[in-house]
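Asker: The structure file structure-v1.txt (compact mmCIF, C-alpha atoms) is provided below.
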```txt
# COMPACT_ATOMS: atom_id res chain seq x y z
CA ASP X 473 87.09 118.55 93.48
CA THR X 474 89.66 116.24 95.03
CA GLU X 475 88.83 116.55 98.72
CA VAL X 476 89.22 113.50 100.91
CA THR X 477 88.70 114.42 104.56
CA GLN X 478 90.23 112.45 107.40
CA THR X 479 89.59 112.76 111.14
CA PRO X 480 91.14 112.99 113.59
CA LYS X 481 94.40 114.50 112.38
CA HIS X 482 96.22 113.22 115.47
CA LEU X 483 95.35 110.33 117.78
CA VAL X 484 97.18 108.96 120.80
CA MET X 485 95.88 105.70 122.20
CA GLY X 486 96.87 103.06 124.70
CA MET X 487 97.34 99.43 123.77
CA THR X 488 94.04 98.46 125.40
CA ASN X 489 91.96 101.23 123.82
CA LYS X 490 89.41 101.01 121.02
CA LYS X 491 89.38 103.94 118.64
CA SER X 492 88.38 104.71 115.06
CA LEU X 493 89.75 106.73 112.17
CA LYS X 494 87.26 108.27 109.76
CA CYS X 495 87.44 109.16 106.09
CA GLU X 496 84.85 110.99 104.04
CA GLN X 497 84.41 112.12 100.44
CA HIS X 498 81.35 113.49 98.66
CA MET X 499 82.53 113.48 95.05
CA GLY X 500 80.98 110.20 93.99
CA HIS X 501 84.30 108.39 94.13
CA ARG X 502 83.79 104.73 93.39
CA ALA X 503 86.43 103.13 95.58
CA MET X 504 88.13 104.00 98.86
CA TYR X 505 91.33 102.74 100.45
CA TRP X 506 93.35 102.70 103.64
CA TYR X 507 97.14 102.98 103.39
CA LYS X 508 99.72 102.93 106.19
CA GLN X 509 102.91 105.01 105.98
CA LYS X 510 105.87 104.70 108.30
CA ALA X 511 108.47 107.45 108.54
CA LYS X 512 110.65 107.80 105.44
CA LYS X 513 108.81 104.98 103.69
CA PRO X 514 106.20 104.88 100.90
CA PRO X 515 102.54 104.20 101.68
CA GLU X 516 101.49 100.55 101.86
CA LEU X 517 98.00 99.35 100.99
CA MET X 518 95.90 97.92 103.82
CA PHE X 519 92.33 97.70 102.56
CA VAL X 520 90.25 98.45 99.47
CA TYR X 521 86.50 99.03 99.31
CA SER X 522 85.34 98.94 95.73
CA TYR X 523 81.66 98.71 94.80
CA GLU X 524 80.89 97.64 98.37
CA LYS X 525 83.36 94.76 98.22
CA LEU X 526 86.25 94.60 100.65
CA SER X 527 89.71 93.54 99.54
CA ILE X 528 92.28 92.92 102.24
CA ASN X 529 96.07 92.93 102.22
CA GLU X 530 96.56 89.61 103.95
CA SER X 531 99.56 90.88 105.88
CA VAL X 532 97.39 93.35 107.83
CA PRO X 533 96.70 92.09 111.38
CA SER X 534 93.14 91.62 112.59
CA ARG X 535 93.49 94.41 115.16
CA PHE X 536 92.72 96.69 112.20
CA SER X 537 89.11 96.45 111.02
CA PRO X 538 87.65 98.50 108.14
CA GLU X 539 84.02 99.48 107.84
CA CYS X 540 82.22 101.15 104.95
CA PRO X 541 78.83 102.44 106.18
CA ASN X 542 78.06 103.97 102.76
CA SER X 543 79.80 104.97 99.55
CA SER X 544 81.02 108.28 101.05
CA LEU X 545 82.43 107.03 104.34
CA LEU X 546 85.22 104.67 105.30
CA ASN X 547 86.19 103.93 108.88
CA LEU X 548 89.18 102.09 110.31
CA HIS X 549 88.52 100.55 113.71
CA LEU X 550 91.54 100.08 115.94
CA HIS X 551 91.74 97.67 118.86
CA ALA X 552 94.59 96.31 120.96
CA LEU X 553 97.24 98.01 118.84
CA GLN X 554 100.97 97.73 119.40
CA PRO X 555 103.53 100.56 119.55
CA GLU X 556 104.86 99.46 116.13
CA ASP X 557 101.46 100.36 114.66
CA SER X 558 102.27 104.02 115.20
CA ALA X 559 102.27 105.58 111.74
CA LEU X 560 100.49 107.94 109.37
CA TYR X 561 97.24 106.36 108.17
CA LEU X 562 96.11 107.61 104.79
CA CYS X 563 92.72 107.35 103.17
CA ALA X 564 92.45 107.54 99.38
CA SER X 565 89.65 107.38 96.86
CA THR X 566 89.24 106.92 93.12
CA SER X 567 87.36 109.59 91.21
CA PRO X 568 84.89 108.75 88.42
CA GLY X 569 87.77 109.60 86.07
CA ASN X 570 89.91 106.91 87.71
CA THR X 571 92.28 109.36 89.37
CA ILE X 572 93.43 108.43 92.88
CA TYR X 573 93.50 111.12 95.55
CA PHE X 574 94.76 111.00 99.13
CA GLY X 575 93.60 112.73 102.28
CA GLU X 576 95.97 114.53 104.64
CA GLY X 577 96.22 111.50 106.90
CA SER X 578 95.74 110.67 110.57
CA TRP X 579 98.86 110.52 112.72
CA LEU X 580 98.50 107.62 115.15
CA THR X 581 100.69 107.12 118.20
CA VAL X 582 100.25 103.96 120.29
CA VAL X 583 101.63 104.19 123.82
CA GLY O 773 103.09 91.25 92.22
CA GLU O 774 104.17 94.65 91.03
CA ASN O 775 107.59 96.07 91.97
CA VAL O 776 108.46 99.73 91.41
CA GLU O 777 111.99 101.05 91.67
CA GLN O 778 112.69 104.77 91.92
CA HIS O 779 115.94 106.72 91.45
CA PRO O 780 117.59 108.75 92.76
CA SER O 781 116.74 108.54 96.45
CA THR O 782 117.94 112.12 96.97
CA LEU O 783 118.30 114.95 94.49
CA SER O 784 119.71 118.39 95.16
CA VAL O 785 119.45 121.17 92.57
CA GLN O 786 119.84 124.92 92.33
CA GLU O 787 116.78 127.08 91.87
CA GLY O 788 115.97 127.36 88.18
CA ASP O 789 117.59 124.05 87.25
CA SER O 790 115.66 121.01 86.02
CA ALA O 791 115.05 117.86 88.06
CA VAL O 792 114.42 114.38 86.70
CA ILE O 793 113.22 111.37 88.70
CA LYS O 794 113.00 107.92 87.11
CA CYS O 795 110.95 104.84 87.92
CA THR O 796 110.78 101.34 86.52
CA TYR O 797 107.99 98.82 87.03
CA SER O 798 107.76 95.08 86.58
CA ASP O 799 104.11 94.22 85.90
CA SER O 800 103.10 94.68 82.27
CA ALA O 801 99.46 94.81 83.42
CA SER O 802 100.05 98.19 85.08
CA ASN O 803 98.54 101.01 83.09
CA TYR O 804 98.08 103.99 85.44
CA PHE O 805 101.13 105.84 86.74
CA PRO O 806 100.58 108.75 89.15
CA TRP O 807 103.21 110.96 90.74
CA TYR O 808 102.70 112.36 94.25
CA LYS O 809 104.42 115.15 96.12
CA GLN O 810 104.50 114.81 99.89
CA GLU O 811 105.49 117.69 102.12
CA LEU O 812 106.43 117.20 105.75
CA GLY O 813 103.42 116.34 107.89
CA LYS O 814 101.01 116.14 104.96
CA GLY O 815 99.37 113.51 102.81
CA PRO O 816 100.55 112.72 99.25
CA GLN O 817 99.37 115.32 96.74
CA LEU O 818 98.76 114.18 93.16
CA ILE O 819 100.82 116.38 90.83
CA ILE O 820 100.52 114.57 87.50
CA ASP O 821 99.58 111.17 86.15
CA ILE O 822 99.81 109.24 82.90
CA ARG O 823 98.03 106.24 81.42
CA SER O 824 99.56 103.59 79.21
CA ASN O 825 97.89 104.83 76.04
CA VAL O 826 99.85 108.11 76.29
CA GLY O 827 103.61 108.63 75.94
CA GLU O 828 103.96 112.08 77.45
CA LYS O 829 101.90 114.55 79.45
CA LYS O 830 102.75 118.08 80.51
CA ASP O 831 101.27 120.50 83.03
CA GLN O 832 103.10 123.83 83.20
CA ARG O 833 106.56 123.11 84.72
CA ILE O 834 105.87 119.41 85.25
CA ALA O 835 105.96 116.65 82.66
CA VAL O 836 105.83 112.87 82.74
CA THR O 837 107.03 110.46 80.07
CA LEU O 838 106.19 106.78 79.76
CA ASN O 839 108.02 104.07 77.84
CA LYS O 840 105.76 101.04 78.07
CA THR O 841 108.10 98.77 76.15
CA ALA O 842 110.96 99.44 78.55
CA LYS O 843 108.58 99.68 81.54
CA HIS O 844 109.85 102.96 82.81
CA PHE O 845 108.41 106.41 83.41
CA SER O 846 109.98 109.68 84.47
CA LEU O 847 109.02 112.95 86.13
CA HIS O 848 110.55 116.17 84.79
CA ILE O 849 110.37 119.43 86.71
CA THR O 850 111.71 122.51 84.93
CA GLU O 851 112.61 125.90 86.43
CA THR O 852 112.64 124.45 89.93
CA GLN O 853 111.67 126.64 92.87
CA PRO O 854 112.38 126.23 96.61
CA GLU O 855 108.72 125.33 97.16
CA ASP O 856 109.24 122.26 94.97
CA SER O 857 111.33 120.80 97.80
CA ALA O 858 109.51 117.70 99.07
CA VAL O 859 109.46 113.91 98.80
CA TYR O 860 108.22 112.67 95.44
CA PHE O 861 106.72 109.21 94.95
CA CYS O 862 105.98 107.40 91.73
CA ALA O 863 103.36 104.65 91.73
CA ALA O 864 101.76 102.09 89.45
CA THR O 865 98.49 100.21 89.40
CA PRO O 866 96.99 97.66 87.00
CA ALA O 867 94.04 98.25 84.73
CA GLY O 868 90.40 98.20 85.93
CA GLY O 869 88.43 95.71 87.93
CA THR O 870 89.14 94.90 91.56
CA SER O 871 92.90 95.46 91.18
CA TYR O 872 92.58 99.11 90.19
CA GLY O 873 93.76 101.53 92.83
CA LYS O 874 96.07 99.07 94.53
CA LEU O 875 99.01 101.38 94.15
CA THR O 876 102.55 100.10 94.40
CA PHE O 877 104.88 102.96 95.26
CA GLY O 878 108.53 103.59 94.57
CA GLN O 879 110.75 104.28 97.59
CA GLY O 880 110.58 108.04 97.12
CA THR O 881 112.98 110.83 96.13
CA ILE O 882 113.86 113.66 98.50
CA LEU O 883 114.16 116.74 96.29
CA THR O 884 115.91 119.79 97.70
CA VAL O 885 115.93 123.02 95.70
CA HIS O 886 118.52 125.52 96.93
CA PRO O 887 117.74 129.24 96.48
```
How does the structure come out when it is put into C-alpha cells?
Answerer:
Amino acid sequence: DTEVTQTPKHLVMGMTNKKSLKCEQHMGHRAMYWYKQKAKKPPELMFVYSYEKLSINESVPSRFSPECPNSSLLNLHLHALQPEDSALYLCASTSPGNTIYFGEGSWLTVV
Amino acid sequence: GENVEQHPSTLSVQEGDSAVIKCTYSDSASNYFPWYKQELGKGPQLIIDIRSNVGEKKDQRIAVTLNKTAKHFSLHITETQPEDSAVYFCAATPAGGTSYGKLTFGQGTILTVHP
C-alpha cells in the first residue's frame, strides 16, 4: 500500500492567517517529508522527519513550521505567508522497503 | 550537494513509438534513483525505481537502466499510449542514514504521445 493522504486539497489564506496542512500514512513508513513545488518546476525539499528527528532545508523561512505528533502524522503550520509562497505542497514518506511515495498534494494560494 | 540534469525537456512521440529520457547525477554517494510521473493537478506517482547494485529493471512497458560509472540513468517507455502523456521526473538520493529520502530532482520532461 502506497497511500499518503494530504488535507486539505486546496487552501486559500490571507497573509495574516494561521493555517495548517496535514499529512497522514498508516503503512509504518519510517520517514516523512515536506516538499514545495512551483509551477513547471521540480519539487524542492523543505523538511525531513526521520526517526523523530527533524532535518531542515536552511533556505526555508521560519513562517513554515513542521510538526510530527506521531510516526503516522506530519503537519505543516503556516503563518504570515507571502504571495510567493503560493505553490503545491507535497508530503512524502519512505516505506520499510526504502521506497519513497508522494501524496496528491495541497494547493496553497496566499492572497 | 547533488545535482541532477535531465534531458530532453520536452519529448513528442507518436502512439506506439518508444520514448527515452536521460538523467545524469553528480554525487557518487547517491544510490537510489526513482522515476515519477506527474499528471496535471496531481502529485508525483512513482512508476519505477532502481538501486545502485542493479544495472537494469523492467516493469511491463517501462524499464530503467543505470550506469554507475558514468553516473547516468535512463527511463525507457515502449509502445507509448496517449495516457503516458505527463511530466516525468528523475531523482536521486544518497544511501541510508539521515540523508536518505532527500531527493534531488531533475528539471522534468514533458512527454506528449500523439494518437
Asker: Rounded to one decimal in Å, what is the spacing between CA of Pro854 (chain O) and CA of Leu818 (chain O)?
Answerer: 18.5 Å
Asker: Select, from X:Leu580, X:Leu560, X:Ala552, X:Gly500, the residue with the minimum atom-to-atom distance to Lys512 (chain X), counting all atoms listed in the file.
Answerer: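 Ranking X:Leu580, X:Leu560, X:Ala552, X:Gly500 by distance to Lys512 (chain X), first place goes to X:Leu560.
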Asker: Determine, using all atoms listed in the file, which residues of chain X have any atom at most 7 Å from an atom of chain O, and tabulate each with its shortest atom pair and distance in Å to one decimal place, rows ordered by chain and then rising number, as a Markdown table.
Answerer:
```
| residue | atom | partner | partner_atom | distance |
| --- | --- | --- | --- | --- |
| X:Lys513 | CA | O:Gln879 | CA | 6.4 |
| X:Pro514 | CA | O:Gln879 | CA | 5.7 |
| X:Pro515 | CA | O:Phe877 | CA | 6.9 |
| X:Leu517 | CA | O:Lys874 | CA | 6.7 |
| X:Ser522 | CA | O:Thr870 | CA | 6.9 |
| X:Ile572 | CA | O:Gly873 | CA | 6.9 |
| X:Tyr573 | CA | O:Leu818 | CA | 6.5 |
| X:Phe574 | CA | O:Pro816 | CA | 6.0 |
| X:Gly575 | CA | O:Gly815 | CA | 5.8 |
| X:Glu576 | CA | O:Gly815 | CA | 4.0 |
| X:Gly577 | CA | O:Gly815 | CA | 5.5 |
```
Asker: If you keep C-alpha atoms, can you produce a file of those selected residues as a PDB file, in the frame of the given file?
Answerer:
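again15.pdb was written with the following content:
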```
ATOM      1  CA  LYS X 513     108.810 104.980 103.690  1.00  0.00           C
ATOM      2  CA  PRO X 514     106.200 104.880 100.900  1.00  0.00           C
ATOM      3  CA  PRO X 515     102.540 104.200 101.680  1.00  0.00           C
ATOM      4  CA  LEU X 517      98.000  99.350 100.990  1.00  0.00           C
ATOM      5  CA  SER X 522      85.340  98.940  95.730  1.00  0.00           C
ATOM      6  CA  ILE X 572      93.430 108.430  92.880  1.00  0.00           C
ATOM      7  CA  TYR X 573      93.500 111.120  95.550  1.00  0.00           C
ATOM      8  CA  PHE X 574      94.760 111.000  99.130  1.00  0.00           C
ATOM      9  CA  GLY X 575      93.600 112.730 102.280  1.00  0.00           C
ATOM     10  CA  GLU X 576      95.970 114.530 104.640  1.00  0.00           C
ATOM     11  CA  GLY X 577      96.220 111.500 106.900  1.00  0.00           C
TER      12      GLY X 577
END
```
Asker: By how many Å are CA of Asn839 (chain O) and CA of Lys809 (chain O) apart?
Answerer: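 Spanning CA of Asn839 (chain O) to CA of Lys809 (chain O) is a straight-line distance of 21.7 Å.
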Asker: How many Å separate CA of Tyr797 (chain O) from CA of Ala511 (chain X)?
Answerer: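 Those two atoms sit 23.2 Å apart.
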Asker: Please list as an NGL selection string every residue within 8 Å of Glu496 (chain X), counting all atoms listed in the file and excluding residues in the same chain fewer than 3 positions away.
Answerer: :X and (476-478 or 544-546)
Asker: Name the closest residue to Lys840 (chain O) among the candidates O:Ala858, O:Glu811, O:Ile819, O:Ser800; distances are taken between atoms, counting all atoms listed in the file.
Answerer: O:Ser800
Asker: Go through X:Ser578, X:Asn529, X:Asn489, X:Gln497 one by one, measure the shortest atom-to-atom distance of each to Leu548 (chain X) using only C-alpha atoms, and give the residue with the smallest value.
Answerer: X:Ser578
Asker: Of the residues X:Thr566, X:Arg502, X:Thr571, X:Ser558, which is the one nearest to Gly486 (chain X), using all atoms listed in the file?
Answerer: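 Distance minimum relative to Gly486 (chain X) lands on X:Ser558.
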Asker: Of the residues O:Leu883, O:Val836, O:Ala801, O:Ala842, which is the one nearest to His779 (chain O), using all atoms listed in the file?
Answerer: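 Among the listed residues, the smallest separation from His779 (chain O) belongs to O:Leu883.
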Asker: Out of X:Trp506, X:Phe536, X:Trp579, X:Tyr561, which residue has the shortest atom-to-atom distance to Phe519 (chain X) when counting all atoms listed in the file?
Answerer: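 Among the listed residues, X:Trp506 lies closest to Phe519 (chain X).
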Asker: List as a PyMOL selection string the protein and nucleic acid residues near Met518 (chain X), meaning an atom at most 9 Å away when all atoms listed in the file are counted, but skip any in the same chain fewer than 4 places from it.
Answerer: chain X and resi 505-508+527-532
Asker: Give me, as a ChimeraX atom specification, all polymer residues having an atom no more than 6 Å from Glu787 (chain O), counting all atoms listed in the file and skipping those fewer than 3 positions away in the same chain.
Answerer: /O:852-853,885-887
